[in-house]
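See below for protein37.cif, which holds mmCIF, C-alpha atoms and all ligand atoms.
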data_start
#
loop_
_atom_site.label_atom_id
_atom_site.label_comp_id
_atom_site.auth_asym_id
_atom_site.auth_seq_id
_atom_site.Cartn_x
_atom_site.Cartn_y
_atom_site.Cartn_z
CA MET A 1 127.45 109.99 140.11
CA PRO A 2 124.04 109.53 138.46
CA ARG A 3 124.16 106.89 135.76
CA PRO A 4 123.23 108.01 132.25
CA ALA A 5 119.67 107.08 131.41
CA THR A 6 119.39 104.02 129.20
CA ARG A 7 116.52 103.50 126.87
CA HIS A 8 114.80 100.16 126.52
CA ARG A 9 115.51 98.62 123.15
CA PRO A 10 113.98 95.50 121.61
CA ALA A 11 116.31 92.51 121.18
CA HIS A 12 116.54 93.05 117.41
CA PRO A 13 115.76 96.71 116.85
CA HIS A 14 116.71 96.68 113.18
CA LEU A 15 114.65 93.62 112.39
CA SER A 16 111.59 94.80 114.25
CA ALA A 17 111.82 98.24 112.65
CA GLN A 18 111.95 96.63 109.21
CA ARG A 19 108.99 94.46 110.05
CA SER A 20 106.94 97.38 111.24
CA ALA A 21 107.78 99.30 108.06
CA ARG A 22 106.51 96.39 106.00
CA TRP A 23 103.35 96.04 108.07
CA LEU A 24 102.82 99.76 107.71
CA LEU A 25 103.17 99.45 103.95
CA ALA A 26 100.70 96.59 103.85
CA GLY A 27 98.33 98.57 106.07
CA LEU A 28 98.55 101.63 103.87
CA LEU A 29 97.71 99.58 100.82
CA LEU A 30 94.73 98.11 102.61
CA LEU A 31 93.64 101.60 103.65
CA ALA A 32 93.98 102.77 100.08
CA GLY A 33 91.65 99.86 99.36
CA THR A 34 92.92 99.57 95.84
CA ALA A 35 95.49 96.79 95.63
CA ALA A 36 93.94 93.59 94.38
CA GLY A 37 94.77 90.85 96.85
CA ALA A 38 96.03 93.29 99.48
CA ALA A 39 94.52 91.16 102.26
CA GLN A 40 96.64 88.27 101.03
CA THR A 41 99.73 90.50 101.13
CA VAL A 42 99.25 91.08 104.85
CA ALA A 43 99.15 87.36 105.55
CA GLU A 44 102.31 86.63 103.55
CA PRO A 45 105.64 86.79 105.43
CA VAL A 46 107.76 89.46 103.68
CA PRO A 47 106.31 90.87 100.49
CA ASP A 48 108.62 92.35 97.88
CA LEU A 49 109.16 95.98 98.76
CA GLN A 50 109.62 97.16 95.21
CA ARG A 51 106.29 95.66 94.25
CA LEU A 52 104.65 97.38 97.22
CA CYS A 53 106.24 100.71 96.34
CA LEU A 54 104.94 100.48 92.81
CA GLU A 55 101.39 99.77 93.97
CA CYS A 56 101.29 103.53 94.60
CA HIS A 57 104.01 104.63 92.20
CA GLN A 58 103.10 102.78 89.02
CA GLY A 59 101.38 105.79 87.54
CA ASP A 60 97.79 104.68 86.99
CA SER A 61 95.49 107.60 86.42
CA ASP A 62 93.89 107.24 89.87
CA ARG A 63 97.28 107.25 91.65
CA VAL A 64 98.78 110.41 90.21
CA GLN A 65 99.47 111.77 93.69
CA ALA A 66 102.55 109.55 93.72
CA PRO A 67 105.34 110.42 91.24
CA LEU A 68 106.84 108.01 88.71
CA LEU A 69 110.06 106.50 90.10
CA GLU A 70 111.23 103.88 87.63
CA GLY A 71 114.15 105.13 85.56
CA GLN A 72 114.62 108.20 87.81
CA GLN A 73 118.25 108.96 88.76
CA HIS A 74 119.68 106.68 91.42
CA ASP A 75 121.42 109.46 93.40
CA TYR A 76 118.27 111.57 93.42
CA LEU A 77 116.04 108.70 94.60
CA ALA A 78 118.49 107.69 97.31
CA ARG A 79 118.74 111.31 98.54
CA GLN A 80 114.94 111.71 98.68
CA LEU A 81 114.56 108.48 100.67
CA ARG A 82 117.17 109.69 103.18
CA GLN A 83 115.45 113.07 103.38
CA PHE A 84 112.07 111.42 104.04
CA GLN A 85 113.68 109.33 106.77
CA GLN A 86 115.34 112.34 108.41
CA ARG A 87 112.18 114.40 107.85
CA HIS A 88 114.06 117.04 105.89
CA ARG A 89 111.38 116.40 103.29
CA ASP A 90 108.27 115.68 105.26
CA SER A 91 105.66 114.13 103.11
CA PHE A 92 102.79 111.80 103.88
CA PRO A 93 103.03 108.83 103.63
CA MET A 94 106.73 108.54 102.72
CA SER A 95 108.39 109.54 106.02
CA SER A 96 106.48 106.81 107.89
CA ILE A 97 107.10 104.19 105.19
CA VAL A 98 110.89 104.52 105.26
CA ALA A 99 111.18 105.24 109.00
CA GLY A 100 112.50 101.82 110.01
CA MET A 101 114.59 100.93 106.96
CA SER A 102 118.38 100.65 106.94
CA ALA A 103 120.62 102.84 104.76
CA ALA A 104 121.56 99.78 102.69
CA GLU A 105 117.90 98.90 102.13
CA LEU A 106 117.08 102.43 100.98
CA ASP A 107 120.03 102.48 98.60
CA ASP A 108 119.10 99.06 97.22
CA LEU A 109 115.53 100.25 96.53
CA ALA A 110 116.83 103.39 94.80
CA ARG A 111 119.20 101.32 92.66
CA ARG A 112 116.54 98.79 91.64
CA LEU A 113 114.07 101.52 90.75
CA ALA A 114 116.68 103.50 88.78
CA GLN A 115 117.52 100.44 86.66
CA GLN A 116 113.97 100.18 85.28
CA PRO A 117 112.95 101.92 82.04
CA TRP A 118 111.05 105.19 82.49
CA PRO A 119 107.31 104.44 82.13
CA SER A 120 105.21 106.54 79.77
CA ARG A 121 101.92 107.66 81.36
CA PRO A 122 100.53 110.43 79.15
CA GLN A 123 97.87 112.73 80.59
CA ALA A 124 95.75 115.28 78.74
CA VAL A 125 97.44 118.69 78.48
CA ASN A 126 96.35 122.07 77.16
CA ALA A 127 98.35 123.15 74.09
CA THR A 128 98.30 126.87 75.03
CA ALA A 129 99.54 126.06 78.53
CA VAL A 130 102.30 123.83 77.13
CA ALA A 131 103.53 126.64 74.84
CA ARG A 132 103.51 129.13 77.75
CA GLY A 133 105.34 126.57 79.94
CA ALA A 134 108.01 126.06 77.26
CA ASP A 135 108.71 129.83 77.26
CA LEU A 136 108.97 129.93 81.04
CA ALA A 137 111.32 126.93 81.13
CA ARG A 138 113.55 128.43 78.44
CA GLN A 139 113.73 131.81 80.21
CA ALA A 140 114.53 130.16 83.54
CA GLY A 141 117.13 127.77 82.08
CA CYS A 142 115.69 124.62 83.68
CA GLY A 143 117.67 122.50 81.20
CA GLN A 144 120.99 123.71 82.68
CA CYS A 145 120.58 121.27 85.54
CA HIS A 146 117.77 118.96 84.44
CA GLY A 147 119.32 118.15 81.04
CA THR A 148 118.55 119.74 77.68
CA ASP A 149 115.78 117.18 77.11
CA LEU A 150 114.74 117.52 80.80
CA ALA A 151 115.31 113.78 81.21
CA GLY A 152 117.74 114.41 84.08
CA GLY A 153 121.13 116.12 84.15
CA SER A 154 124.23 115.79 86.29
CA ASP A 155 122.65 118.13 88.87
CA GLY A 156 118.91 117.64 88.66
CA PRO A 157 116.41 114.76 88.46
CA ARG A 158 114.29 113.80 85.46
CA LEU A 159 111.23 116.04 84.98
CA ALA A 160 110.14 115.08 81.44
CA GLY A 161 107.05 112.87 81.53
CA GLN A 162 106.50 113.16 85.31
CA HIS A 163 102.86 113.63 86.39
CA ALA A 164 101.82 117.25 85.90
CA GLY A 165 99.87 117.41 89.19
CA TYR A 166 102.82 116.08 91.18
CA LEU A 167 105.20 118.56 89.51
CA GLN A 168 102.89 121.47 90.20
CA ARG A 169 102.67 120.51 93.88
CA GLN A 170 106.48 120.36 94.13
CA LEU A 171 106.95 123.73 92.38
CA ALA A 172 104.51 125.32 94.85
CA ALA A 173 106.35 123.66 97.76
CA PHE A 174 109.72 124.98 96.52
CA LEU A 175 108.38 128.50 96.07
CA ASP A 176 106.79 128.73 99.52
CA GLY A 177 109.79 127.13 101.26
CA ARG A 178 108.30 123.76 102.25
CA ARG A 179 110.95 122.05 100.09
CA GLN A 180 114.46 123.22 99.12
CA HIS A 181 115.52 123.80 95.51
CA PRO A 182 119.03 125.06 94.60
CA ASP A 183 119.55 128.51 93.09
CA ARG A 184 121.18 128.88 89.69
CA ALA A 185 124.96 128.96 89.36
CA ASP A 186 124.79 132.65 88.32
CA GLY A 187 123.12 133.49 91.63
CA GLN A 188 119.74 134.23 90.02
CA PRO A 189 116.68 132.69 91.66
CA TRP A 190 115.84 129.45 89.85
CA LEU A 191 112.25 130.59 89.28
CA ALA A 192 110.66 133.96 89.86
CA LYS A 193 107.52 134.11 91.99
CA SER A 194 104.89 132.75 89.68
CA SER A 195 101.12 132.64 89.54
CA ALA A 196 99.32 129.33 89.99
CA GLN A 197 98.50 129.54 86.28
CA ASP A 198 102.22 129.78 85.38
CA LEU A 199 103.06 126.83 87.62
CA SER A 200 100.30 124.82 85.96
CA ALA A 201 101.63 125.78 82.48
CA LEU A 202 105.19 124.84 83.45
CA SER A 203 104.05 121.51 84.89
CA GLN A 204 102.01 120.61 81.81
CA TYR A 205 104.97 121.46 79.59
CA LEU A 206 107.37 119.33 81.67
CA HIS A 207 104.91 116.44 81.60
CA ALA A 208 104.42 116.70 77.83
CA ALA A 209 108.18 117.00 77.18
CA GLY A 210 108.38 113.28 78.01
CA ARG A 211 106.27 112.35 75.00
CA THR A 212 108.46 113.65 72.28
CA GLY A 213 111.76 113.84 74.12
CA GLN A 214 111.88 117.48 72.98
CA PRO A 215 111.83 120.39 75.46
C1 LIG A 301 100.55 104.60 99.97
C2 LIG A 301 101.19 105.11 98.75
C3 LIG A 301 102.72 105.05 98.68
C4 LIG A 301 103.54 103.95 98.88
C5 LIG A 301 103.16 102.52 99.28
C6 LIG A 301 104.89 104.40 98.61
N1 LIG A 301 104.89 105.73 98.26
FE1 LIG A 301 106.52 106.87 97.74
N2 LIG A 301 105.33 108.53 97.56
C7 LIG A 301 103.96 108.55 97.72
C8 LIG A 301 103.47 109.90 97.50
C9 LIG A 301 102.01 110.36 97.60
C10 LIG A 301 104.60 110.69 97.18
C11 LIG A 301 104.63 112.19 96.86
C12 LIG A 301 104.91 112.96 98.09
C13 LIG A 301 104.91 114.45 97.85
O1 LIG A 301 103.98 114.94 97.20
O2 LIG A 301 105.85 115.11 98.31
C14 LIG A 301 105.76 109.80 97.22
C15 LIG A 301 107.07 110.20 96.94
C16 LIG A 301 108.15 109.33 96.82
C17 LIG A 301 109.49 109.70 96.36
C18 LIG A 301 109.95 111.07 95.87
C19 LIG A 301 110.05 111.03 94.34
C20 LIG A 301 110.50 112.34 93.69
O3 LIG A 301 110.39 112.44 92.46
O4 LIG A 301 110.93 113.24 94.40
C21 LIG A 301 110.26 108.57 96.43
C22 LIG A 301 111.73 108.43 96.06
C23 LIG A 301 109.40 107.49 96.91
N3 LIG A 301 108.13 107.98 97.14
C24 LIG A 301 109.83 106.17 97.07
C25 LIG A 301 109.03 105.13 97.54
C26 LIG A 301 109.52 103.79 97.83
C27 LIG A 301 110.96 103.33 97.61
C28 LIG A 301 108.45 103.07 98.32
C29 LIG A 301 108.43 101.64 98.82
C30 LIG A 301 109.30 101.37 99.95
C31 LIG A 301 107.29 103.96 98.30
N4 LIG A 301 107.69 105.19 97.82
C32 LIG A 301 106.01 103.59 98.70
C33 LIG A 301 103.14 107.46 98.01
C34 LIG A 301 103.58 106.16 98.30
C1 LIG A 302 121.00 125.01 89.50
C2 LIG A 302 120.45 123.79 88.97
C3 LIG A 302 118.93 123.74 88.76
C4 LIG A 302 118.16 124.56 87.96
C5 LIG A 302 118.58 125.76 87.12
C6 LIG A 302 116.81 124.05 88.05
N1 LIG A 302 116.79 122.94 88.89
FE1 LIG A 302 115.12 121.91 89.49
N2 LIG A 302 116.25 120.74 90.72
C7 LIG A 302 117.63 120.83 90.85
C8 LIG A 302 118.06 119.86 91.85
C9 LIG A 302 119.50 119.62 92.31
C10 LIG A 302 116.88 119.20 92.31
C11 LIG A 302 116.79 118.11 93.39
C12 LIG A 302 116.55 118.78 94.73
C13 LIG A 302 116.46 117.76 95.84
O1 LIG A 302 117.40 116.95 95.97
O2 LIG A 302 115.45 117.75 96.58
C14 LIG A 302 115.77 119.78 91.57
C15 LIG A 302 114.45 119.36 91.74
C16 LIG A 302 113.40 119.82 90.98
C17 LIG A 302 112.03 119.32 91.04
C18 LIG A 302 111.53 118.17 91.90
C19 LIG A 302 111.41 116.91 91.06
C20 LIG A 302 110.73 115.76 91.80
O3 LIG A 302 110.72 114.64 91.23
O4 LIG A 302 110.21 115.95 92.90
C21 LIG A 302 111.30 120.06 90.15
C22 LIG A 302 109.80 119.91 89.88
C23 LIG A 302 112.19 121.01 89.54
N3 LIG A 302 113.46 120.86 90.05
C24 LIG A 302 111.80 121.91 88.57
C25 LIG A 302 112.66 122.85 87.97
C26 LIG A 302 112.21 123.81 86.99
C27 LIG A 302 110.79 123.91 86.45
C28 LIG A 302 113.31 124.58 86.68
C29 LIG A 302 113.34 125.80 85.78
C30 LIG A 302 112.32 126.80 86.09
C31 LIG A 302 114.43 124.08 87.46
N4 LIG A 302 114.00 123.02 88.24
C32 LIG A 302 115.72 124.58 87.42
C33 LIG A 302 118.47 121.68 90.17
C34 LIG A 302 118.07 122.71 89.33
#
Rewrite the structure of this file - the entire thing - as C-alpha cells.
Amino acid sequence: MPRPATRHRPAHPHLSAQRSARWLLAGLLLLAGTAAGAAQTVAEPVPDLQRLCLECHQGDSDRVQAPLLEGQQHDYLARQLRQFQQRHRDSFPMSSIVAGMSAAELDDLARRLAQQPWPSRPQAVNATAVARGADLARQAGCGQCHGTDLAGGSDGPRLAGQHAGYLQRQLAAFLDGRRQHPDRADGQPWLAKSSAQDLSALSQYLHAAGRTGQP
C-alpha cells in the first residue's frame, strides 16, 4: 500500500503565517512609501494590525483606492475578510494581506473596526450628477437593503459617505461579474446595465448622502 503523501509543515504553521502576514503588511507600506516611520515599523516586533490597516484605509485624499472601514457593519467586514482569504473576492492587495491570519484574528479586526465612528471624508461632487444618482437609486430601491439613509441595513453594508471612486469600481465589478451582488427580493435585477456616466452619478450621490444623512 503506498503511503499518503505528507506535506512538510513548519513547526508552528499558524505563528509563522501570522508573522509573514505582518511582514507583508509592513513591506506593502514601505512600498507605498507613504507611511511616516514605516522603516521603524519593520524593525519593531509586532505592530498593531489595526493601525497598519488604517494606514491605507484612513481615507486621506491620496489613498482613496482603499474604502473607509471604520463604523462599517461588523458582519459585512468579517465576510469580506473571509472572502479575500478564500479568494472569492480577489483584490490586490487584500487577499495577500489576510492570507495567513486565523478566523479569530479576522473577526477581531472586523469587530474593532466596526466599533469606531464612521469617518467623514468629503470629496468634491457634481450637483447634476448627484441629482441623477438620487433618481437612479430611488428607482432601483437601493435603500431596501442598504437602509433608508443608506447607512447600512439588515442586508447590505453602509454606502453613504464611502469614497465615490471606490464605489464606482465596485458597481462596475458587480455588473461585469467580477464580484457578486444579490438580486432584489422581487426577482428584479438590482441594477440595470448602466453607462459609465450613470455609475459615476450613482457613486457621487452615494458618497454625498453621507454628508447630510439624507438619501
Ligand atoms: C496597502 C494598502 C492596504 C492595506 C495595508 C490594507 N488594505 Fe484593505 N483594502 C485595500 C484596497 C485598495 C481595497 C479595495 C479593494 C477593491 O477595490 O476591491 C481594500 C479593501 C478592504 C476591505 C473591503 C471593504 C468593503 O467595503 O468592501 C476590507 C474589509 C479591508 N480592506 C480590510 C483591511 C484590513 C482589516 C487590513 C489590515 C489587516 C487592511 N485592509 C489593510 C488596501 C489595503
Ligand atoms: C436585495 C438587497 C440589496 C439591494 C436592493 C441592493 N443591495 Fe447593494 N449590497 C447588498 C448586499 C447583501 C451587499 C454585500 C455583498 C457582499 O457581501 O459582498 C451589497 C453590496 C453593495 C456594494 C459594495 C459596498 C462595498 O463597501 O464594497 C455596493 C457599492 C452596493 N451594494 C450598491 C448598491 C446600489 C447602488 C443599489 C441600488 C442600485 C443596491 N446596492 C441595492 C444588498 C443589496
Check your understanding: Residues within 7 Å of ligand LIG 301 (chain A) (all atoms listed in the file), as a PyMOL selection string?
Key -> chain A and resi 25+28-29+32+49-50+52-57+65-69+77-78+80-81+91-94+97-98+109-110+166+169-170
Exercise for review: List all protein, DNA and RNA residues that have at least one atom no more than 8 Å from any atom of ligand LIG 302 (chain A), counting all atoms listed in the file, and write them as a PyMOL selection string.
Suggested key: chain A and resi 67+76+79-80+89+136-146+155-159+162+166-168+170-171+179-185+190-191+202-203+206
Point to revise | Thr128 of chain A environment, 12 Å, all atoms listed in the file, sequence neighbours closer than 3 positions dropped, as a ChimeraX atom specification | key: /A:125,131-135,197-198,200-202,204-205
Exercise for review: Go ahead and compute the interatomic distance for atom CA of His163 of chain A and atom CA of Glu70 of chain A, in Å to one decimal.
Suggested key: 12.9 Å
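When atom CA of Asp176 of chain A is paired with atom CA of Ala208 of chain A, their separation reads 24.9 Å.
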Review point. Do you have the atom CA of Ala99 of chain A-atom CA of Ala172 of chain A distance handy?
Key: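 Straight-line distance from atom CA of Ala99 of chain A to atom CA of Ala172 of chain A works out to 25.5 Å.
The closest residue to Ser154 of chain A, picked from A:Gln188, A:Gln73, A:Asn126, A:Gln115 and counting only C-alpha atoms, is A:Gln73.
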Review point. With all atoms listed in the file as the atoms that count, which of A:Gly187, A:Lys193, A:Ala173, A:Gly161 lies nearest to Ser120 of chain A?
Key: A:Gly161
Output, as JSON, the centre and edge lengths in Å (one decimal) of the axis-aligned box that contains all listed atoms of segment 80-94 of chain A with 5 Å of margin on each side.
{"center_x": 110.0, "center_y": 112.8, "center_z": 103.5, "size_x": 24.4, "size_y": 18.6, "size_z": 19.7}
